[in-house]
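Next comes data_24.txt, with compact mmCIF, C-alpha atoms.
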# COMPACT_ATOMS: atom_id res chain seq x y z
CA PHE R 679 -87.94 -24.76 65.94
CA PRO R 680 -89.41 -23.38 62.70
CA VAL R 681 -90.41 -19.77 62.22
CA THR R 682 -94.01 -19.29 61.17
CA ILE R 683 -93.87 -16.85 58.27
CA ASP R 684 -96.84 -14.56 57.79
CA PRO R 685 -98.40 -15.15 54.33
CA ALA R 686 -98.55 -11.37 53.94
CA LEU R 687 -94.78 -11.09 54.42
CA PRO R 688 -93.02 -9.48 51.43
CA LEU R 689 -91.48 -12.15 49.21
CA PHE R 690 -87.89 -10.94 49.70
CA LEU R 691 -88.18 -11.50 53.47
CA VAL R 692 -89.06 -15.16 52.95
CA HIS R 693 -85.44 -15.67 51.91
CA PHE R 694 -84.22 -14.12 55.16
CA GLY R 695 -82.74 -17.46 56.20
CA ASP R 696 -79.77 -16.48 58.35
CA TYR R 697 -81.82 -13.97 60.29
CA ALA R 698 -84.66 -16.46 60.71
CA ALA R 699 -82.26 -19.10 62.08
CA VAL R 700 -81.04 -16.74 64.82
CA PHE R 701 -84.54 -15.41 65.51
CA SER R 702 -86.14 -18.84 65.91
CA SER R 703 -83.23 -20.27 67.90
CA TRP R 704 -83.20 -17.38 70.35
CA ARG R 705 -86.98 -17.17 70.74
CA CYS R 706 -87.17 -20.90 71.38
CA CYS R 707 -84.32 -21.63 73.74
CA GLU R 708 -82.05 -18.59 74.18
CA PHE R 709 -78.59 -19.91 75.24
CA ASN R 710 -79.92 -23.48 75.55
CA ALA R 711 -80.25 -23.98 71.79
CA ILE R 712 -78.11 -26.11 69.50
CA GLY R 713 -78.09 -25.36 65.78
CA TYR R 714 -76.90 -22.99 63.08
CA GLY R 715 -78.72 -20.06 64.68
CA ALA R 716 -76.97 -20.74 68.00
CA SER R 717 -73.42 -20.81 66.60
CA TYR R 718 -72.54 -17.16 67.19
CA PHE R 719 -70.77 -15.60 70.16
CA PRO R 720 -72.96 -14.35 73.04
CA SER R 721 -72.93 -10.59 72.37
CA LEU R 722 -74.70 -11.03 69.03
CA TYR R 723 -77.72 -12.26 70.94
CA LEU R 724 -78.02 -8.92 72.73
CA ILE R 725 -79.16 -7.59 69.35
CA ALA R 726 -81.29 -10.68 68.75
CA ASP R 727 -82.86 -10.11 72.16
CA PHE R 728 -83.97 -6.65 71.05
CA PHE R 729 -85.55 -7.97 67.86
CA ASP R 730 -87.24 -10.71 69.86
CA LEU R 731 -89.49 -7.97 71.29
CA PHE R 732 -91.37 -7.97 67.96
CA SER R 733 -92.98 -10.51 65.67
CA PHE R 734 -90.78 -11.98 62.97
CA LYS R 735 -92.40 -9.78 60.34
CA TRP R 736 -91.82 -6.55 62.23
CA SER R 737 -88.41 -7.47 63.58
CA ALA R 738 -87.14 -8.31 60.07
CA THR R 739 -88.56 -5.04 58.75
CA ILE R 740 -86.89 -3.00 61.52
CA TYR R 741 -83.66 -4.95 61.02
CA LEU R 742 -83.65 -4.01 57.34
CA LEU R 743 -84.64 -0.39 57.91
CA ILE R 744 -81.75 0.14 60.32
CA PHE R 745 -79.23 -1.51 57.99
CA THR R 746 -80.53 0.30 54.89
CA SER R 747 -80.70 3.72 56.56
CA TYR R 748 -77.23 3.33 58.00
CA THR R 749 -75.69 2.25 54.69
CA VAL R 750 -77.11 5.27 52.83
CA GLY R 751 -76.15 7.57 55.71
CA PHE R 752 -72.60 6.22 55.82
CA VAL R 753 -72.06 6.77 52.08
CA TYR R 754 -73.71 10.21 52.23
CA TYR R 755 -71.51 11.22 55.19
CA SER R 756 -68.41 10.33 53.19
CA MET R 757 -69.57 12.39 50.18
CA ARG R 758 -70.91 15.42 52.04
CA ASN R 759 -67.90 17.68 51.44
CA ILE R 760 -67.27 16.74 47.80
CA ASP R 761 -68.19 19.73 45.66
CA TYR R 762 -70.41 18.75 42.75
CA ALA R 763 -73.91 19.64 41.64
CA ASN R 764 -75.66 16.25 41.57
CA ASN R 765 -78.11 14.93 44.15
CA LYS R 766 -75.72 13.59 46.78
CA LEU R 767 -78.38 11.73 48.76
CA GLY R 768 -79.62 10.02 45.60
CA ASP R 769 -76.07 9.12 44.60
CA ALA R 770 -75.38 7.80 48.11
CA ALA R 771 -78.48 5.59 47.85
CA ILE R 772 -77.34 4.25 44.46
CA ILE R 773 -73.78 3.54 45.64
CA GLY R 774 -74.90 1.98 48.91
CA LEU R 775 -78.05 0.08 48.00
CA LEU R 776 -77.39 -1.15 44.47
CA THR R 777 -74.11 -2.92 45.23
CA TYR R 778 -74.07 -6.70 45.09
CA PRO R 779 -72.95 -7.25 48.72
CA PHE R 780 -75.66 -4.97 50.10
CA MET R 781 -78.35 -6.89 48.21
CA PHE R 782 -76.76 -10.17 49.33
CA ASN R 783 -77.00 -9.02 52.95
CA VAL R 784 -80.66 -8.13 52.41
CA VAL R 785 -81.47 -11.52 50.90
CA THR R 786 -79.70 -13.59 53.57
CA GLY R 787 -80.36 -11.39 56.59
CA ASN R 788 -77.01 -12.36 58.05
CA TYR R 789 -75.89 -10.44 61.13
CA GLU R 790 -72.70 -9.58 59.26
CA SER R 791 -74.57 -6.43 58.27
CA TYR R 792 -74.52 -5.28 61.90
CA VAL R 793 -70.89 -6.30 62.31
CA PHE R 794 -70.23 -4.09 59.27
CA ILE R 795 -72.02 -1.19 60.98
CA CYS R 796 -69.75 -1.54 64.02
CA VAL R 797 -66.55 -1.81 61.96
CA SER R 798 -67.41 1.18 59.76
CA LEU R 799 -68.23 3.27 62.85
CA PHE R 800 -64.86 2.22 64.25
CA PHE R 801 -63.11 3.80 61.26
CA VAL R 802 -65.30 6.93 61.35
CA PHE R 803 -64.60 7.60 65.02
CA TYR R 804 -60.94 6.63 64.78
CA ARG R 805 -60.25 9.16 62.03
CA SER R 806 -62.00 11.76 64.22
CA ASN R 807 -59.63 10.95 67.11
CA HIS R 808 -62.45 9.55 69.28
CA TYR R 809 -60.36 6.52 70.13
CA ASN R 810 -62.37 5.18 73.06
CA ILE R 811 -65.64 5.22 71.11
CA ALA R 812 -63.88 3.64 68.12
CA SER R 813 -62.45 0.89 70.34
CA PHE R 814 -65.94 0.27 71.72
CA PHE R 815 -67.39 -0.42 68.26
CA LEU R 816 -64.54 -2.61 67.07
CA ALA R 817 -64.67 -4.59 70.31
CA TYR R 818 -68.38 -5.21 69.85
CA ALA R 819 -67.81 -6.40 66.28
CA ILE R 820 -65.11 -8.81 67.48
CA SER R 821 -67.34 -10.06 70.29
CA MET R 822 -70.06 -10.96 67.75
CA LYS R 823 -67.78 -12.70 65.24
CA ALA R 824 -64.11 -13.29 65.98
CA PHE R 825 -62.67 -12.52 62.53
CA PRO R 826 -63.12 -8.71 62.74
CA ILE R 827 -60.02 -8.90 64.92
CA VAL R 828 -58.16 -8.40 61.64
CA PHE R 829 -59.22 -4.73 61.74
CA LEU R 830 -56.85 -4.28 64.67
CA LEU R 831 -54.34 -3.77 61.87
CA HIS R 832 -55.58 -0.19 61.60
CA ILE R 833 -54.78 0.46 65.27
CA LEU R 834 -51.38 -1.20 64.90
CA SER R 835 -50.60 0.98 61.89
CA SER R 836 -51.35 4.03 64.06
CA LYS R 837 -48.99 2.65 66.74
CA ARG R 838 -51.61 3.20 69.45
CA TYR R 839 -50.93 -0.12 71.14
CA ALA R 840 -52.88 0.75 74.30
CA ASP R 841 -56.02 0.83 72.15
CA VAL R 842 -55.42 -2.82 71.23
CA ILE R 843 -55.63 -3.69 74.92
CA LYS R 844 -58.81 -1.60 75.25
CA VAL R 845 -60.45 -3.48 72.38
CA ILE R 846 -59.57 -6.87 73.89
CA VAL R 847 -60.89 -5.82 77.32
CA PHE R 848 -64.10 -4.38 75.86
CA ALA R 849 -64.67 -7.49 73.72
CA THR R 850 -64.28 -9.70 76.79
CA ILE R 851 -66.79 -7.59 78.73
CA PHE R 852 -69.27 -7.65 75.85
CA THR R 853 -68.98 -11.45 75.74
CA ILE R 854 -69.69 -11.80 79.46
CA ILE R 855 -72.59 -9.31 79.72
CA PRO R 856 -75.27 -11.37 77.86
CA LEU R 857 -74.30 -14.50 79.80
CA VAL R 858 -74.81 -12.62 83.06
CA ILE R 859 -78.10 -11.07 81.93
CA HIS R 860 -79.52 -14.47 80.96
CA ASP R 861 -78.23 -16.28 84.06
CA VAL R 862 -75.61 -18.47 82.43
CA GLY R 863 -73.69 -18.84 85.68
CA ILE R 864 -70.30 -20.40 86.26
CA GLU R 865 -71.95 -23.71 87.09
CA ASN R 866 -73.75 -23.71 83.71
CA PHE R 867 -70.96 -22.28 81.59
CA ALA R 868 -69.42 -25.66 80.71
CA SER R 869 -72.71 -26.98 79.35
CA TYR R 870 -73.31 -23.72 77.44
CA PHE R 871 -69.82 -23.86 75.93
CA SER R 872 -70.43 -27.47 74.92
CA ARG R 873 -73.66 -26.46 73.11
CA LEU R 874 -71.88 -23.54 71.42
CA GLN R 875 -69.08 -25.83 70.27
CA GLU R 876 -71.59 -28.36 68.91
CA SER R 877 -73.44 -25.60 67.04
CA GLN R 878 -70.20 -24.30 65.56
CA ASN R 879 -69.19 -27.82 64.52
CA MET R 880 -72.49 -28.10 62.66
CA TYR R 881 -71.68 -24.85 60.88
CA LYS R 882 -68.17 -26.06 60.00
CA GLU R 883 -69.47 -29.30 58.54
CA LEU R 884 -71.89 -27.36 56.35
CA MET R 885 -69.75 -24.36 55.35
CA TYR R 886 -66.12 -25.49 55.74
CA TYR R 887 -66.15 -29.07 54.57
CA SER R 888 -68.98 -29.19 52.02
CA VAL R 889 -69.67 -27.34 48.78
CA SER R 890 -72.29 -25.21 50.53
CA GLY R 891 -69.51 -22.87 51.63
CA VAL R 892 -68.16 -22.56 48.10
CA HIS R 893 -71.43 -21.29 46.66
CA TYR R 894 -71.19 -17.51 47.02
CA GLY R 895 -67.78 -17.89 48.70
CA ASN R 896 -64.85 -15.53 48.18
CA SER R 897 -62.01 -16.77 50.40
CA PHE R 898 -58.73 -17.98 48.94
CA LEU R 899 -59.64 -21.60 49.70
CA ASN R 900 -63.10 -21.10 48.18
CA GLY R 901 -61.39 -20.04 44.96
CA LEU R 902 -59.06 -23.04 45.02
CA TRP R 903 -61.99 -25.36 45.63
CA ALA R 904 -63.86 -23.88 42.69
CA LEU R 905 -60.82 -24.42 40.44
CA MET R 906 -60.07 -27.94 41.64
CA GLY R 907 -63.64 -29.18 41.91
CA PHE R 908 -63.93 -31.74 44.69
CA GLU R 909 -60.21 -32.48 44.84
CA LEU R 910 -59.24 -29.96 47.54
CA PRO R 911 -58.66 -31.79 50.90
CA VAL R 912 -59.92 -28.93 53.08
CA ARG R 913 -60.34 -31.05 56.22
CA LYS R 914 -56.73 -32.24 56.05
CA ILE R 915 -55.16 -28.83 55.54
CA THR R 916 -57.23 -26.82 58.03
CA ASN R 917 -54.61 -26.66 60.79
CA TYR R 918 -51.84 -25.79 58.32
CA TRP R 919 -54.04 -23.08 56.86
CA TYR R 920 -54.57 -21.49 60.28
CA VAL R 921 -50.78 -21.33 60.76
CA LEU R 922 -50.38 -19.73 57.34
CA CYS R 923 -53.13 -17.22 58.14
CA PHE R 924 -51.36 -16.22 61.36
CA MET R 925 -48.14 -15.71 59.41
CA VAL R 926 -49.87 -13.57 56.77
CA PHE R 927 -51.56 -11.49 59.46
CA SER R 928 -48.27 -11.02 61.31
CA LEU R 929 -46.39 -9.99 58.17
CA SER R 930 -49.18 -7.55 57.25
CA ALA R 931 -49.06 -6.06 60.74
CA TYR R 932 -45.29 -5.66 60.48
CA ARG R 933 -45.63 -3.95 57.10
CA LEU R 934 -48.33 -1.59 58.38
CA ILE R 935 -46.31 -0.68 61.47
CA LYS R 936 -43.16 0.03 59.47
CA THR R 937 -44.83 1.93 56.60
CA ARG R 938 -47.21 4.87 56.61
CA TYR R 939 -50.65 4.19 55.13
CA THR R 940 -53.84 6.23 55.04
CA ASP R 941 -56.95 5.01 56.86
CA TRP R 942 -58.71 3.92 53.68
CA GLN R 943 -55.66 1.89 52.66
CA THR R 944 -55.48 0.05 56.00
CA SER R 945 -59.23 -0.61 55.82
CA LEU R 946 -58.75 -2.05 52.32
CA ILE R 947 -55.87 -4.27 53.43
CA ALA R 948 -57.81 -5.51 56.46
CA GLY R 949 -60.95 -6.03 54.33
CA CYS R 950 -59.02 -8.18 51.85
CA LEU R 951 -57.55 -10.31 54.64
CA TYR R 952 -60.96 -10.52 56.32
CA CYS R 953 -62.38 -12.13 53.20
CA LEU R 954 -59.38 -14.12 51.96
CA LEU R 955 -58.08 -15.83 55.11
CA PRO R 956 -61.08 -17.73 56.59
CA ILE R 957 -61.80 -21.26 55.36
CA THR R 958 -64.93 -19.83 53.78
CA SER R 959 -66.16 -16.25 53.35
CA THR R 960 -69.65 -15.66 52.04
CA ASP R 961 -70.30 -12.75 49.69
CA TYR R 962 -72.08 -10.64 52.30
CA LYS R 963 -68.56 -9.85 53.59
CA LEU R 964 -67.80 -7.93 50.39
CA ILE R 965 -69.77 -5.03 51.85
CA TYR R 966 -66.62 -4.16 53.82
CA PHE R 967 -65.19 -2.72 50.62
CA LEU R 968 -67.67 0.13 50.99
CA ILE R 969 -65.49 1.28 53.91
CA PRO R 970 -62.29 2.08 51.95
CA LEU R 971 -64.42 3.53 49.17
CA CYS R 972 -66.17 5.91 51.59
CA LEU R 973 -62.92 6.78 53.38
CA LEU R 974 -61.45 7.53 49.96
CA PHE R 975 -64.34 9.93 49.32
CA LEU R 976 -63.50 11.64 52.62
CA ASN R 977 -59.86 11.95 51.58
CA PHE R 978 -60.91 13.50 48.26
CA SER R 979 -63.02 16.04 50.10
CA GLU R 980 -59.94 17.03 52.11
CA ASP R 981 -57.42 16.95 49.24
CA CYS R 982 -58.83 17.49 45.74
CA THR R 983 -55.36 17.18 44.17
CA LEU R 984 -55.18 13.41 44.62
CA GLN R 985 -54.51 11.62 41.33
CA LEU R 986 -55.64 8.02 41.38
CA ARG R 987 -54.59 5.25 39.07
CA ILE R 988 -57.65 3.82 37.37
CA VAL R 989 -56.76 0.10 37.52
CA PRO R 990 -56.90 -0.53 41.29
CA PHE R 991 -60.00 1.65 41.57
CA VAL R 992 -61.74 -0.45 38.90
CA LEU R 993 -60.66 -3.63 40.70
CA MET R 994 -62.37 -2.48 43.88
CA PHE R 995 -65.46 -1.56 41.87
CA PHE R 996 -65.66 -5.10 40.46
CA LEU R 997 -65.80 -6.52 43.99
CA LEU R 998 -69.07 -4.63 44.45
CA VAL R 999 -70.81 -6.19 41.43
CA SER R 1000 -71.84 -9.80 40.90
CA LYS R 1001 -70.07 -12.06 38.43
CA ALA R 1002 -72.06 -15.19 39.33
CA PRO R 1003 -73.85 -16.16 36.07
CA ILE R 1004 -70.78 -18.07 34.79
CA TYR R 1005 -70.36 -21.54 36.39
CA PHE R 1006 -67.69 -24.24 36.31
CA HIS R 1007 -67.66 -28.05 36.48
CA SER R 1008 -71.33 -28.09 35.34
CA TYR R 1009 -72.24 -27.45 38.96
CA PRO R 1010 -73.90 -24.25 40.25
CA PHE R 1011 -71.76 -24.09 43.39
CA PHE R 1012 -68.71 -23.03 41.38
CA SER R 1013 -69.15 -19.60 39.83
CA LEU R 1014 -66.90 -16.91 38.38
CA ASN R 1015 -67.50 -14.92 41.58
CA THR R 1016 -65.74 -17.59 43.63
CA ILE R 1017 -62.65 -17.54 41.42
CA SER R 1018 -62.40 -13.90 40.40
CA ASN R 1019 -63.01 -12.22 43.77
CA PRO R 1020 -60.00 -13.79 45.54
CA LEU R 1021 -57.81 -12.87 42.55
CA ILE R 1022 -59.08 -9.28 42.62
CA MET R 1023 -58.39 -9.01 46.35
CA ILE R 1024 -54.88 -10.40 45.93
CA ALA R 1025 -54.24 -7.79 43.21
CA LEU R 1026 -55.59 -5.04 45.50
CA LEU R 1027 -53.29 -6.19 48.29
CA ALA R 1028 -50.31 -5.99 45.91
CA CYS R 1029 -51.31 -2.47 44.81
CA THR R 1030 -51.70 -1.30 48.39
CA LEU R 1031 -49.06 -3.14 50.41
CA PHE R 1032 -46.24 -2.96 47.87
CA PRO R 1033 -46.73 0.06 45.59
CA ASN R 1034 -43.98 1.33 43.31
CA ASN R 1035 -43.75 3.59 40.29
CA LYS R 1036 -45.81 1.20 38.14
CA ILE R 1037 -48.49 -0.10 40.50
CA GLY R 1038 -50.22 1.59 43.40
CA TRP R 1039 -53.20 3.80 44.00
CA TYR R 1040 -51.56 7.17 43.46
CA LYS R 1041 -49.66 8.10 40.33
CA ASN R 1042 -46.85 9.62 42.41
CA GLU R 1043 -46.90 6.93 45.11
CA ILE R 1044 -43.57 5.30 45.99
CA ILE R 1045 -43.26 3.79 49.46
Could you rewrite the structure in this file as structure tokens?
Amino acid sequence: FPVTIDPALPLFLVHFGDYAAVFSSWRCCEFNAIGYGASYFPSLYLIADFFDLFSFKWSATIYLLIFTSYTVGFVYYSMRNIDYANNKLGDAAIIGLLTYPFMFNVVTGNYESYVFICVSLFFVFYRSNHYNIASFFLAYAISMKAFPIVFLLHILSSKRYADVIKVIVFATIFTIIPLVIHDVGIENFASYFSRLQESQNMYKELMYYSVSGVHYGNSFLNGLWALMGFELPVRKITNYWYVLCFMVFSLSAYRLIKTRYTDWQTSLIAGCLYCLLPITSTDYKLIYFLIPLCLLFLNFSEDCTLQLRIVPFVLMFFLLVSKAPIYFHSYPFFSLNTISNPLIMIALLACTLFPNNKIGWYKNEII
């Protein structure tokens, strides 16, 4: 069901493909659709249902205004107590809006931008000891896309295990609510689940098992695929990869439970795993590295004596800029982004999870 795009629509909105897929799918058939725009979990369509109140032109504009305003506000909030003379609001706009992942989110219009809003609010409220509100936002993020479950690592590191249960319960409720609102009863659930599974299989064929997922990808397997060309048997190793991902997640959780980390460090660790572990991770996910950066600003405002090592800080900075102009295998799907970003994230994980007197974020950091 194609979206009719107003000829007067700004050119950058014409490329709003991911948003348009959800918008057209929901406006056409709601939970009866099959396709890329119908491949998300039910709670995401509560947001889509709100935007369906407007024309495509106005809904896309409102969508962008909310995301843009929040991003600048989030960065500004993190810088508000840092004492320096420059224009903080202007600097917040530069840091938030001129990063590569923000612009990538704007171009694609993927709902990952709203998942990011929920996850960042989770960290803001959690550091303020508003645990129930924080659990609410993380649960909603998980109910939209399953992979934000990796951010439970922050709760595990705080040893507040009851909050893990809260998040799971909230996420379940958020998944059920839109199905109830739109009359997907028990008798129709099997057929709905079948359509959802078919839509997700379409997505997997496009993004997991073809080069489409490698273009602008940043997962570990995306990087391997870019290095090996078409020789990586992704379909054959998928199940083994899921087992390996579970092991990496479990070991990371064990490390975080046993060792004390700050909130920005746990957000960085979770952000790296969030991008590295899926079969494919598109570059809009790199916006999650704004979260540890902003939490680091908050830490600086509370303790001005912190002495950072420059190398890991520069590594995180390079995740926020594009390195795409260099391609491999004479094929535009394989760029320097796809190879360098996984390597940078692996280096950041080493600096954060296993610091010593030579590597680590702080010059005096020995864990």
### Message
I'd like the contact shell of Asn896 (chain R) - 9 Å cut-off, all atoms listed in the file, skipping same-chain residues fewer than 6 positions apart - returned as a PyMOL selection string.
### Response
chain R and resi 953-954+958-961+963-964+1015-1020
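Our summary of the geometry notes that CA of Lys823 (chain R) is positioned 22.1 Å from CA of Leu743 (chain R).
By chain and then residue number, the residues within 9 Å of Ser798 (chain R) are Phe752, Val793, Phe803, Phe815, Leu816, Tyr966, Leu968 and Ile969 of chain R, counting all atoms listed in the file and disregarding those fewer than 5 positions away in sequence.
One distance worth recording is that between CA of Tyr920 (chain R) and CA of Tyr887 (chain R), which is 15.0 Å.
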### Query
Which of these residues is nearest to Ile855 (chain R), using all atoms listed in the file: R:Cys796, R:Ile1022, R:Ala770, R:Leu724?
R:Leu724
### Task
Name the residues in contact with Arg805 (chain R) at a cut-off of 10 Å, using all atoms listed in the file, excluding same-chain residues fewer than 6 positions from it; report them as a PyMOL selection string.
chain R and resi 799+812+940-942+973
Take the residues just selected and output them with C-alpha atoms as a short mmCIF file (atom, residue, chain, number, x, y, z; two decimals), in the coordinates of the input.
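Output contents, as saved in out-v2.cif:
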data_model
loop_
_atom_site.label_atom_id
_atom_site.label_comp_id
_atom_site.auth_asym_id
_atom_site.auth_seq_id
_atom_site.Cartn_x
_atom_site.Cartn_y
_atom_site.Cartn_z
CA LEU R 799 -68.23 3.27 62.85
CA ALA R 812 -63.88 3.64 68.12
CA THR R 940 -53.84 6.23 55.04
CA ASP R 941 -56.95 5.01 56.86
CA TRP R 942 -58.71 3.92 53.68
CA LEU R 973 -62.92 6.78 53.38
#
### Task
Determine, counting all atoms listed in the file, which protein, DNA and RNA residues have an atom within 12 Å of an atom of region 869-884 of chain R; residues of the same chain fewer than 3 positions away are not included. Present the result as a PyMOL selection string.
chain R and resi 696+700+703+707-720+823+857+860-866+887-893+912-913+916+956-958
### Task
Would you please work out which residue, of R:Ile811, R:Ala817, R:Leu731, R:Leu775, is nearest to Gly751 (chain R) when using only C-alpha atoms?
R:Leu775
List the spatial neighbours of Tyr778 (chain R) as a short mmCIF file (atom, residue, chain, number, x, y, z; two decimals) with C-alpha atoms, keeping the file's coordinate frame - criterion: any atom at most 8 Å away, only C-alpha atoms, same-chain residues fewer than 6 positions off excluded.
data_model
loop_
_atom_site.label_atom_id
_atom_site.label_comp_id
_atom_site.auth_asym_id
_atom_site.auth_seq_id
_atom_site.Cartn_x
_atom_site.Cartn_y
_atom_site.Cartn_z
CA LEU R 998 -69.07 -4.63 44.45
CA VAL R 999 -70.81 -6.19 41.43
CA SER R 1000 -71.84 -9.80 40.90
#
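Across the model, the gap from CA of Tyr754 (chain R) to CA of Tyr723 (chain R) is 29.5 Å.
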#### Entry: Selected residue, from R:Leu946, R:Leu776, R:Ile833, R:Val784, that lies nearest to Phe800 (chain R) when counting all atoms listed in the file
R:Ile833
### Message
Just checking: using all atoms listed in the file, which residue out of R:Pro990, R:Gly907, R:Gly774, R:Gly768 ends up closest to Met1023 (chain R)?
### Response
R:Pro990
